[in-house]
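Asker: Structure file work-v4.txt (compact mmCIF, C-alpha atoms) right here:
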# COMPACT_ATOMS: atom_id res chain seq x y z
CA MET A 29 0.00 0.00 0.00
CA SER A 30 1.33 3.40 -0.88
CA GLU A 31 2.37 5.30 2.19
CA GLU A 32 1.53 8.54 0.44
CA GLN A 33 -2.02 8.87 1.61
CA GLU A 34 -2.57 10.42 4.98
CA GLN A 35 -5.71 8.91 6.31
CA PHE A 36 -7.96 10.96 8.48
CA ASN A 37 -10.12 9.46 11.16
CA PHE A 38 -8.42 6.10 10.78
CA ASP A 39 -10.41 3.52 12.64
CA PHE A 40 -8.17 1.35 14.76
CA GLN A 41 -10.95 -0.78 16.07
CA HIS A 42 -11.67 -2.69 12.89
CA GLU A 43 -9.67 -5.27 11.06
CA THR A 44 -7.61 -3.91 8.27
CA ALA A 45 -9.06 -6.23 5.67
CA GLU A 46 -11.92 -8.64 5.34
CA ILE A 47 -13.29 -10.99 2.75
CA VAL A 48 -17.01 -10.73 2.37
CA ARG A 49 -19.18 -13.22 0.60
CA ASP A 50 -21.88 -11.46 -1.30
CA SER A 51 -24.08 -13.84 -3.32
CA ASP A 52 -21.84 -15.39 -5.96
CA GLU A 53 -19.01 -12.95 -5.75
CA LEU A 54 -16.14 -12.80 -3.34
CA GLN A 55 -15.92 -9.20 -2.32
CA ILE A 56 -12.74 -8.02 -0.85
CA LYS A 57 -12.45 -4.99 1.35
CA ILE A 58 -8.87 -4.25 1.87
CA GLY A 59 -7.77 -1.75 4.43
CA ASP A 60 -4.57 0.11 4.67
CA PHE A 61 -1.68 -2.02 5.83
CA ALA A 62 1.08 0.01 7.34
CA GLY A 63 3.66 -2.32 5.89
CA PRO A 64 4.56 -5.94 5.13
CA LEU A 65 4.92 -6.79 8.82
CA ASP A 66 1.43 -5.47 9.40
CA LEU A 67 0.07 -7.61 6.57
CA LEU A 68 2.00 -10.64 7.77
CA LEU A 69 0.65 -10.30 11.29
CA PHE A 70 -2.82 -10.04 9.82
CA VAL A 71 -2.35 -13.19 7.75
CA ILE A 72 -1.03 -15.12 10.75
CA ARG A 73 -4.05 -14.08 12.78
CA GLN A 74 -6.48 -14.85 9.97
CA GLU A 75 -5.02 -18.32 9.63
CA GLN A 76 -5.06 -18.68 13.40
CA ALA A 77 -1.46 -19.80 13.27
CA ASN A 78 0.92 -19.95 16.18
CA ILE A 79 3.40 -17.16 15.79
CA PHE A 80 6.02 -19.18 17.63
CA ASP A 81 5.65 -22.05 15.19
CA ILE A 82 4.64 -20.46 11.93
CA PRO A 83 3.38 -22.90 9.27
CA ILE A 84 5.61 -21.20 6.78
CA ALA A 85 4.30 -22.79 3.61
CA ARG A 86 0.70 -21.92 4.28
CA ILE A 87 1.45 -18.42 5.52
CA THR A 88 3.66 -17.68 2.52
CA GLU A 89 0.89 -18.85 0.22
CA LYS A 90 -1.70 -16.64 1.89
CA TYR A 91 0.61 -13.67 1.99
CA LEU A 92 1.25 -13.99 -1.74
CA GLU A 93 -2.49 -14.28 -2.33
CA TYR A 94 -3.00 -10.95 -0.64
CA ILE A 95 -0.28 -9.33 -2.69
CA GLN A 96 -1.95 -10.68 -5.83
CA MET A 97 -5.31 -9.37 -4.66
CA MET A 98 -3.90 -5.94 -4.06
CA LYS A 99 -2.35 -5.93 -7.50
CA ARG A 100 -5.57 -7.06 -9.12
CA PHE A 101 -7.52 -4.33 -7.42
CA ASP A 102 -5.03 -1.84 -8.72
CA ILE A 103 -3.68 -1.04 -5.30
CA SER A 104 -0.04 -0.16 -5.65
CA VAL A 105 2.16 -2.59 -3.80
CA ALA A 106 5.21 -0.95 -2.27
CA ALA A 107 8.55 -2.60 -2.85
CA ASP A 108 8.86 -3.48 0.84
CA PHE A 109 5.93 -5.87 0.50
CA LEU A 110 7.71 -7.70 -2.28
CA VAL A 111 10.92 -7.89 -0.27
CA MET A 112 8.92 -9.61 2.46
CA ALA A 113 7.44 -12.02 -0.07
CA ALA A 114 10.96 -12.92 -1.17
CA THR A 115 12.01 -13.34 2.46
CA LEU A 116 9.13 -15.70 3.15
CA ILE A 117 9.95 -17.81 0.12
CA GLU A 118 13.57 -17.96 1.20
CA ILE A 119 12.62 -19.12 4.68
CA LYS A 120 10.31 -21.73 3.21
CA SER A 121 13.15 -23.07 1.06
CA LYS A 122 15.47 -23.27 4.03
CA MET A 123 12.87 -25.22 5.98
CA LEU A 124 12.68 -27.72 3.16
CA LEU A 125 16.40 -28.37 3.01
CA PRO A 126 17.52 -31.54 4.74
CA ARG A 127 19.61 -31.26 7.83
CA ASP A 128 23.33 -30.95 7.17
CA PRO A 129 24.68 -34.53 7.63
CA LEU A 130 28.13 -33.21 8.56
CA ALA A 131 26.85 -31.14 11.44
CA ALA A 132 27.35 -32.56 14.92
CA ASP A 133 24.26 -34.10 16.46
CA ASP A 134 24.10 -31.79 19.42
CA GLU A 135 24.80 -28.70 17.40
CA GLU A 136 21.99 -26.22 17.59
CA ILE A 137 20.52 -25.33 14.27
CA GLU A 138 19.02 -21.96 13.96
CA ASP A 139 15.37 -22.01 13.01
CA PRO A 140 15.16 -20.07 9.75
CA ARG A 141 11.95 -18.54 11.00
CA GLN A 142 13.47 -17.17 14.18
CA GLU A 143 14.66 -13.85 12.85
CA LEU A 144 11.29 -13.19 11.25
CA VAL A 145 9.43 -14.06 14.44
CA ASP A 146 11.64 -11.70 16.43
CA ARG A 147 10.97 -8.93 13.95
CA LEU A 148 7.23 -9.57 14.02
CA LEU A 149 7.06 -9.49 17.79
CA GLU A 150 9.15 -6.34 17.98
CA TYR A 151 6.99 -4.67 15.33
CA GLU A 152 3.80 -5.69 17.08
CA LYS A 153 4.87 -3.89 20.23
CA PHE A 154 5.25 -0.63 18.34
CA LYS A 155 2.03 -1.14 16.44
CA THR A 156 0.22 -1.47 19.75
CA ALA A 157 2.12 1.52 21.12
CA ALA A 158 0.90 3.51 18.11
CA GLY A 159 -2.66 2.60 19.08
CA MET A 160 -1.97 3.88 22.57
CA LEU A 161 -0.70 7.17 21.18
CA TYR A 162 -3.83 7.44 19.06
CA GLU A 163 -6.03 7.04 22.10
CA ARG A 164 -4.02 9.56 24.08
CA SER A 165 -4.34 12.16 21.35
CA THR A 166 -8.08 11.56 21.19
CA ILE A 167 -8.39 12.21 24.91
CA GLU A 168 -6.13 15.21 24.62
CA GLN A 169 -8.36 16.70 21.97
CA ALA A 170 -11.06 16.90 24.62
CA VAL A 171 -8.98 19.24 26.76
CA PHE A 172 -8.69 22.94 26.03
CA ALA A 173 -6.31 25.54 27.35
CA ARG A 174 -6.45 29.26 26.84
CA GLY A 175 -4.52 30.71 23.94
CA ALA A 176 -1.59 33.08 24.26
CA LEU A 177 -2.10 36.64 25.43
CA GLU A 178 -0.65 39.33 23.24
CA THR A 179 2.18 40.97 25.08
CA ASP A 180 5.30 42.87 24.18
CA ALA A 181 7.33 40.31 26.07
CA GLU A 182 6.12 37.67 23.67
CA SER A 183 7.91 39.26 20.78
CA ALA A 184 10.52 41.54 22.18
CA GLU A 185 11.00 42.80 18.71
CA VAL A 186 7.81 44.25 17.32
CA ASP A 187 7.12 43.96 13.65
CA ALA A 188 8.17 47.17 11.97
CA THR A 189 5.91 49.03 9.57
CA VAL A 190 6.84 50.74 6.36
CA PHE A 191 6.74 54.09 8.16
CA ASP A 192 9.34 52.88 10.64
CA LEU A 193 11.40 51.77 7.69
CA LEU A 194 11.11 55.17 6.10
CA THR A 195 12.13 56.89 9.33
CA VAL A 196 15.30 54.81 9.63
CA PHE A 197 16.02 55.47 6.01
CA GLN A 198 15.66 59.20 6.48
CA GLN A 199 18.10 59.04 9.38
CA ILE A 200 20.67 57.43 7.14
CA VAL A 201 20.12 59.86 4.31
CA ALA A 202 20.52 62.77 6.69
CA ARG A 203 23.76 61.26 7.95
CA HIS A 204 24.94 60.55 4.47
CA ILE A 205 24.45 64.01 3.06
CA ASP A 206 27.54 65.05 4.97
CA GLU A 207 29.64 62.05 3.96
CA VAL A 208 28.77 61.25 0.40
CA LYS A 209 30.99 62.48 -2.37
CA MET A 210 29.23 62.45 -5.68
CA GLU A 211 31.30 60.55 -8.20
CA ILE A 212 29.60 60.70 -11.55
CA GLU A 213 31.95 58.18 -13.18
CA ARG A 214 31.17 55.47 -10.67
CA GLU A 215 29.21 52.52 -12.00
CA GLU A 216 26.02 52.26 -10.03
CA ILE A 217 24.80 48.91 -8.87
CA SER A 218 21.53 47.79 -10.47
CA LEU A 219 18.40 46.95 -8.51
CA ALA A 220 18.58 43.32 -9.57
CA ASP A 221 22.13 43.00 -8.30
CA MET A 222 21.27 44.80 -5.09
CA ILE A 223 18.41 42.39 -4.46
CA LYS A 224 20.69 39.47 -5.19
CA THR A 225 23.36 40.75 -2.80
CA LEU A 226 20.78 41.37 -0.12
CA LYS A 227 19.34 37.86 -0.49
CA GLN A 228 22.79 36.33 -0.20
CA ARG A 229 23.57 38.34 2.93
CA ILE A 230 20.31 37.32 4.61
CA PHE A 231 20.83 33.72 3.67
CA ALA A 232 24.33 33.69 5.09
CA GLU A 233 23.76 35.76 8.21
CA GLN A 234 20.09 34.97 8.98
CA GLU A 235 19.78 38.54 10.25
CA LEU A 236 20.75 41.93 8.90
CA SER A 237 20.71 45.35 10.54
CA LEU A 238 19.21 47.89 8.16
CA LEU A 239 21.18 50.73 9.69
CA LYS A 240 24.32 48.77 8.92
CA PHE A 241 23.17 47.79 5.44
CA PHE A 242 22.13 51.29 4.41
CA GLY A 243 25.27 52.64 6.01
CA GLU A 244 27.35 50.68 3.55
CA MET A 245 25.94 52.49 0.54
CA HIS A 246 28.22 54.90 -1.22
CA SER A 247 25.85 57.32 -2.80
CA LYS A 248 22.33 58.61 -2.55
CA ARG A 249 21.36 56.63 -5.63
CA GLU A 250 22.73 53.43 -4.08
CA LEU A 251 20.83 54.23 -0.92
CA VAL A 252 17.58 54.53 -2.81
CA THR A 253 18.30 51.31 -4.69
CA ALA A 254 19.01 49.61 -1.37
CA PHE A 255 15.75 50.87 0.09
CA ILE A 256 13.75 49.57 -2.85
CA ALA A 257 15.63 46.26 -2.65
CA VAL A 258 14.61 45.91 0.99
CA LEU A 259 10.95 46.60 0.14
CA GLU A 260 11.14 44.05 -2.64
CA ILE A 261 12.69 41.40 -0.40
CA VAL A 262 10.03 41.92 2.23
CA ARG A 263 7.37 41.59 -0.41
CA THR A 264 8.63 38.48 -2.13
CA GLU A 265 10.66 36.51 0.39
CA SER A 266 9.91 34.97 3.73
CA VAL A 267 11.65 37.61 5.81
CA ARG A 268 10.44 39.76 8.64
CA LEU A 269 11.17 43.32 9.66
CA LEU A 270 11.64 43.68 13.38
CA GLN A 271 12.26 46.70 15.56
CA LYS A 272 13.26 46.50 19.22
CA GLN A 273 12.66 50.09 20.15
CA THR A 274 10.56 52.81 18.67
CA PHE A 275 12.75 54.74 16.20
CA GLY A 276 15.46 52.19 16.78
CA ASP A 277 17.34 50.06 14.29
CA ILE A 278 15.32 47.70 12.10
CA ILE A 279 16.43 44.11 11.68
CA LEU A 280 15.72 42.09 8.58
CA ARG A 281 15.38 38.47 9.58
CA LYS A 282 14.79 35.30 7.66
CA SER A 283 11.49 33.73 8.71
CA GLU A 284 11.76 30.38 10.44
CA PRO A 285 10.73 27.39 8.38
CA PRO A 286 8.17 25.06 10.06
CA ALA A 287 10.58 22.25 11.06
CA VAL A 288 12.87 23.44 13.80
CA ALA A 289 16.11 21.54 14.33
CA GLY A 290 17.92 21.19 17.62
CA GLY A 291 16.74 20.40 21.12
CA MET B 4 12.64 26.74 57.28
CA GLU B 5 16.21 25.51 56.86
CA GLY B 6 17.70 26.00 53.45
CA ALA B 7 14.81 28.18 52.34
CA VAL B 8 15.46 31.01 49.92
CA GLU B 9 15.11 34.29 51.74
CA GLN B 10 11.69 35.61 50.99
CA LYS B 11 11.55 39.25 50.21
CA THR B 12 7.88 39.60 50.89
CA SER B 13 5.93 37.82 53.54
CA ARG B 14 2.84 36.56 51.88
CA SER B 15 0.05 34.60 53.37
CA PRO B 16 -0.33 31.06 51.98
CA ALA B 17 -3.67 32.08 50.51
CA GLU B 18 -2.08 34.95 48.66
CA LEU B 19 0.59 32.67 47.24
CA VAL B 20 -2.04 30.25 45.99
CA ALA B 21 -3.83 33.14 44.32
CA LEU B 22 -0.64 34.41 42.71
CA VAL B 23 0.27 30.97 41.43
CA GLU B 24 -3.20 30.66 39.95
CA ALA B 25 -2.83 34.01 38.20
CA LEU B 26 0.55 33.09 36.73
CA ILE B 27 -0.59 29.72 35.45
CA PHE B 28 -3.57 31.48 33.91
CA VAL B 29 -1.54 33.98 31.89
CA ALA B 30 1.26 31.63 30.85
CA ASP B 31 0.76 30.64 27.22
CA GLU B 32 2.86 27.53 27.65
CA PRO B 33 2.94 25.10 30.57
CA ILE B 34 4.83 26.94 33.32
CA THR B 35 7.30 25.24 35.65
CA SER B 36 7.38 25.52 39.43
CA ARG B 37 10.92 26.79 39.12
CA THR B 38 9.91 29.68 36.88
CA MET B 39 7.17 30.69 39.25
CA ALA B 40 9.56 30.41 42.19
CA GLU B 41 11.95 32.79 40.45
CA VAL B 42 9.33 35.32 39.49
CA LEU B 43 7.65 35.35 42.88
CA GLU B 44 10.91 35.05 44.80
CA GLU B 45 9.72 32.06 46.76
CA ASN B 46 11.29 28.66 47.15
CA LYS B 47 10.17 25.80 44.95
CA GLY B 48 8.69 23.86 47.83
CA SER B 49 6.25 26.64 48.63
CA ILE B 50 5.23 26.85 44.99
CA ASP B 51 4.61 23.11 44.75
CA ALA B 52 2.53 23.24 47.90
CA ALA B 53 0.53 26.16 46.52
CA VAL B 54 -0.13 24.28 43.28
CA GLU B 55 -1.33 21.26 45.17
CA GLN B 56 -3.59 23.44 47.26
CA LEU B 57 -4.97 24.98 44.10
CA GLN B 58 -5.64 21.57 42.57
CA ASN B 59 -7.50 20.50 45.68
CA GLU B 60 -9.61 23.65 45.63
CA TYR B 61 -10.55 23.13 42.00
CA GLU B 62 -11.51 19.55 42.65
CA ALA B 63 -13.42 20.34 45.81
CA ARG B 64 -15.73 22.78 44.13
CA GLU B 65 -16.00 20.60 41.01
CA SER B 66 -14.64 23.29 38.80
CA GLY B 67 -14.95 23.14 35.02
CA LEU B 68 -11.21 23.68 35.00
CA GLN B 69 -8.30 21.58 36.17
CA ILE B 70 -4.69 22.29 37.04
CA ARG B 71 -2.65 19.64 35.31
CA GLU B 72 0.96 18.80 34.71
CA ILE B 73 1.93 18.62 31.08
CA ALA B 74 5.18 18.89 29.12
CA GLY B 75 7.09 19.52 32.30
CA GLY B 76 4.96 22.39 33.57
CA TRP B 77 1.58 23.39 34.98
CA GLN B 78 -1.42 24.39 32.94
CA ILE B 79 -5.01 25.41 33.53
CA ALA B 80 -7.23 23.47 31.16
CA THR B 81 -10.84 22.45 30.83
CA ARG B 82 -12.01 19.12 32.13
CA THR B 83 -12.48 16.38 29.56
CA GLU B 84 -16.13 15.81 30.52
CA PHE B 85 -17.18 19.09 28.97
CA HIS B 86 -15.51 18.80 25.60
CA GLU B 87 -18.74 18.52 23.63
CA GLU B 88 -20.26 21.73 24.90
CA ILE B 89 -16.96 23.53 24.60
CA ARG B 90 -16.48 22.35 21.07
CA ALA B 91 -19.99 23.53 20.22
CA PHE B 92 -19.13 26.94 21.57
CA LEU B 93 -15.73 27.19 19.89
CA LYS B 94 -17.14 25.77 16.68
CA THR B 95 -14.06 23.68 16.14
CA ARG B 96 -13.83 20.15 14.89
CA PRO B 97 -11.28 17.62 16.07
CA SER B 98 -8.10 18.17 14.10
CA ALA B 99 -7.01 15.68 11.47
CA LYS B 100 -5.55 12.57 12.98
CA LEU B 101 -2.28 11.00 12.01
CA SER B 102 -2.24 7.95 9.77
CA LEU B 103 -1.37 4.52 11.10
CA ALA B 104 2.01 4.69 9.39
CA SER B 105 2.84 8.05 10.96
CA LEU B 106 1.71 6.92 14.38
CA GLU B 107 3.89 3.83 14.16
CA THR B 108 6.87 5.90 13.11
CA LEU B 109 6.16 8.29 15.96
CA ALA B 110 5.93 5.40 18.42
CA VAL B 111 9.30 4.05 17.30
CA ILE B 112 10.88 7.49 17.62
CA ALA B 113 9.27 8.16 20.99
CA TYR B 114 10.53 4.92 22.50
CA LYS B 115 13.88 4.59 20.78
CA GLN B 116 15.07 8.17 20.57
CA PRO B 117 17.42 9.28 19.34
CA VAL B 118 16.92 6.99 16.39
CA THR B 119 18.00 6.97 12.73
CA VAL B 120 15.93 6.31 9.63
CA PRO B 121 17.55 2.90 8.94
CA GLU B 122 16.77 1.87 12.51
CA ILE B 123 13.14 2.87 12.00
CA LEU B 124 13.08 0.88 8.77
CA GLU B 125 14.44 -2.14 10.61
CA ILE B 126 11.55 -2.14 13.05
CA ARG B 127 8.68 -1.11 10.80
CA GLY B 128 9.76 -2.99 7.68
CA VAL B 129 8.82 -0.03 5.45
CA GLN B 130 10.39 3.15 4.19
CA SER B 131 9.24 5.91 6.51
CA ALA B 132 10.26 9.03 4.60
CA THR B 133 6.71 10.29 4.13
CA SER B 134 5.82 9.76 7.78
CA ILE B 135 8.95 11.48 8.96
CA LYS B 136 8.24 14.48 6.81
CA THR B 137 4.69 14.67 8.13
CA LEU B 138 5.90 14.41 11.71
CA LEU B 139 8.51 17.12 11.12
CA ASP B 140 5.90 19.38 9.54
CA LYS B 141 3.66 18.93 12.54
CA ARG B 142 6.62 19.64 14.81
CA LEU B 143 6.11 16.41 16.69
CA ILE B 144 9.68 15.32 16.07
CA VAL B 145 12.95 17.19 15.70
CA ALA B 146 16.37 16.33 14.35
CA LYS B 147 18.75 15.54 17.17
CA GLY B 148 22.12 15.57 15.50
CA ARG B 149 23.93 12.89 13.59
CA LYS B 150 25.02 9.44 14.66
CA GLU B 151 28.77 8.96 14.53
CA THR B 152 28.74 5.90 12.32
CA VAL B 153 29.22 5.29 8.61
CA GLY B 154 27.19 7.79 6.61
CA ARG B 155 26.58 9.95 9.70
CA PRO B 156 22.80 9.51 9.49
CA MET B 157 20.46 12.02 11.10
CA MET B 158 18.83 11.02 14.38
CA TYR B 159 15.32 12.00 15.44
CA GLY B 160 13.58 12.49 18.75
CA THR B 161 10.25 13.81 19.96
CA SER B 162 9.61 17.49 20.67
CA LYS B 163 7.85 19.42 23.41
CA GLU B 164 4.90 19.76 21.06
CA PHE B 165 4.69 15.95 21.11
CA LEU B 166 4.26 16.00 24.88
CA VAL B 167 1.59 18.67 24.61
CA GLN B 168 -0.43 16.97 21.87
CA PHE B 169 -0.38 13.60 23.58
CA GLY B 170 -1.04 14.92 27.05
CA LEU B 171 2.24 13.81 28.61
CA LYS B 172 4.09 15.25 31.59
CA ASP B 173 7.34 13.99 30.22
CA LEU B 174 8.63 10.95 28.34
CA SER B 175 8.69 8.79 31.46
CA GLU B 176 4.90 8.96 31.50
CA LEU B 177 4.84 6.74 28.42
CA PRO B 178 4.05 3.16 29.40
CA SER B 179 6.99 0.80 29.08
CA ILE B 180 7.25 -0.66 25.58
CA GLU B 181 7.37 -4.12 27.12
CA ASP B 182 3.81 -3.59 28.31
CA PHE B 183 2.73 -3.85 24.69
CA GLU B 184 3.96 -7.37 24.29
CA ASP B 185 1.10 -9.50 23.13
CA LEU B 186 0.60 -12.31 25.60
CA VAL B 187 0.37 -15.29 23.31
CA SER B 188 -0.08 -18.74 24.78
Reformat the file's structure so that it appears as structure tokens.
Answerer:
Amino acid sequence: MSEEQEQFNFDFQHETAEIVRDSDELQIKIGDFAGPLDLLLFVIRQEQANIFDIPIARITEKYLEYIQMMKRFDISVAADFLVMAATLIEIKSKMLLPRDPLAADDEEIEDPRQELVDRLLEYEKFKTAAGMLYERSTIEQAVFARGALETDAESAEVDATVFDLLTVFQQIVARHIDEVKMEIEREEISLADMIKTLKQRIFAEQELSLLKFFGEMHSKRELVTAFIAVLEIVRTESVRLLQKQTFGDIILRKSEPPAVAGG
Amino acid sequence: MEGAVEQKTSRSPAELVALVEALIFVADEPITSRTMAEVLEENKGSIDAAVEQLQNEYEARESGLQIREIAGGWQIATRTEFHEEIRAFLKTRPSAKLSLASLETLAVIAYKQPVTVPEILEIRGVQSATSIKTLLDKRLIVAKGRKETVGRPMMYGTSKEFLVQFGLKDLSELPSIEDFEDLVS
């Protein structure tokens, strides 16, 4: 069974598959097996076999029947199921081989089924544990806590608005008017390049101080280009503008992706 | 009391209980006794006693709320008995449940953490890439560094969000995995 589908409201209580006789036809309702071990456990239970003494020939036959059924009903069979089929056939062959005549009489021969049984039992524990988790989450869904209160402490840096951005920019321009020397020959950086540079900086440093960034510009034209680049980045990328204090520096920060690494 | 942190204010026990209640109320995440002890400048023992007192009070008057321990801290939450009426008021539906495959993967990670993808494959017998992605997206698991063996595979463990969503105080509250052994004659 393809693992791709996320099932909602999965019902743990019912068997994963059943064969239903309906007049002349054999109807098959096949559920979603979580894997070959799941299917194998199901087959063993269906056949009422002893897991500690698996009738390997019969179980292999039934297992293969199910695989065939799934194929016939156009249910995609993941490779792992086929690997298990091969494993079962291999075990069956080993069981059929005669005992090695050269081996000492008291030498313990490993049951070819043993490894499989160990795996099945181990798997079954986790399958049951999964059921326990399911029940816990169901109970937990019945409990409600109050949502977060909006406080400044929650986000020490408040999202900056465009007006804050403009104010910081004006500060820089005012500062720059004294420093900038107009060099007409100088090749000005294009907006596209500025955006590219800005993206690279954010990617590398995760965070960028706008005061610092604007401060690095060499001319008024570059400053304006930088300002537009910042607006563009905020519009198109997942970045945030944050400001710790009113009229303070503005930080450009890459937004966190959903999966957070680290403890 | 010997070894007690010097208390700057002398509060009555009742006042401490009230303060603890207020703090637990405003905390947006489960709050630890230690945090409250720091903020209120009391020792942890007094805080724990206050919490217990609070729990008893809530139970005694059959409150619609409970003080419970979850994800390592204290939280005020509604009692399970009232979930239907609450849900009707909030107009929410139960959120989408995880698939069997994802739950199994989560169980393996919860019990065996930190654990690598090949180790998960070994137990489940299937590729778990889709499940792992889903669990990462839902922030139920996090990457916990790499294992120092060939290939340096990534290891995974459960997150705090996992504790919250499954109503656990901490990982030790999970029943032992051996309890899930099927007793076959």
Asker: For Lys150 of chain B, work out the shell of residues within 10 Å, counting only C-alpha atoms and skipping chain neighbours fewer than 4 positions away, then give it as a list of chain:residue names.
Answerer: B:Pro117, B:Val118, B:Thr119, B:Gly154, B:Arg155, B:Pro156, B:Met157, B:Met158
Asker: Measuring between all atoms listed in the file, which one of B:Ala91, B:Leu43, B:Leu109, B:Leu26 shows the shortest distance to chain A?
Answerer: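 Once distances to chain A are computed over all atoms listed in the file, the minimum belongs to B:Leu109.
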Asker: I'd like the interatomic distance between atom CA of Val23 of chain B and atom CA of Ala80 of chain B, to a tenth of an Å.
Answerer: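 Distance reported for this atom pair: 14.8 Å.
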Asker: Which residues are close to segment 218-227 of chain A, i.e. within 8 Å by all atoms listed in the file, leaving aside same-chain residues fewer than 2 positions away? Reply as JSON, numbers by chain.
Answerer: {"A": [216, 229, 230, 231, 253, 254, 256, 257, 258, 260, 261]}
Asker: So which one's closest to chain A, B:Ser15, B:Ser49, B:Thr161, B:Gln168? Using only C-alpha atoms, please.
Answerer: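 Between B:Ser15, B:Ser49, B:Thr161, B:Gln168, the residue approaching chain A most closely is B:Gln168.
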Asker: Show me, as a list in words, the residues that have an atom within 8 Å of Val171 of chain A when counting all atoms listed in the file, minus same-chain residues fewer than 5 positions from it.
Answerer: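 Contacts, with the query itself left out: Ala80, Thr81, Arg82, Thr83 and His86 of chain B.
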Asker: Measuring atom to atom with all atoms listed in the file, identify which of B:Glu72, B:Glu125, B:Glu164, B:Glu84 is nearest to Asp108 of chain A.
Answerer: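 Selected residue with least distance to Asp108 of chain A: B:Glu125.
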Asker: List as a PyMOL selection string the protein and nucleic acid residues near Val145 of chain A, meaning an atom at most 10 Å away when all atoms listed in the file are counted, but skip any in the same chain fewer than 6 places from it.
Answerer: chain A and resi 79-82+151
Asker: Using Å and a single decimal, report how far atom CA of Pro33 of chain B sits from atom CA of Gly75 of chain B.
Answerer: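 Interatomic distance, atom CA of Gly75 of chain B to atom CA of Pro33 of chain B: 7.2 Å.
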Asker: Counting only C-alpha atoms, which residue out of A:Arg174, A:Arg141, A:Arg100, A:Arg86 sits closest to chain B?
Answerer: A:Arg174
Asker: Between atom CA of Ala30 of chain B and atom CA of Ala173 of chain A, measure the distance and give it in Å to one decimal.
Answerer: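 One can read the atom CA of Ala30 of chain B to atom CA of Ala173 of chain A distance as 10.3 Å.
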Asker: Would you compute the box with edges along x, y and z of the file around segment 89-100 of chain B, including every atom the file lists for it and 3 Å extra on each side, and give its centre and edge lengths in Å to one decimal, as lines of an AutoDock Vina configuration file?
Answerer:
center_x = -12.8
center_y = 19.9
center_z = 18.0
size_x = 20.4
size_y = 20.6
size_z = 19.1
Asker: Name the closest residue to chain B among the candidates A:Arg203, A:Lys122, A:Arg73, A:Arg147; distances are taken between atoms, counting all atoms listed in the file.
Answerer: A:Arg147
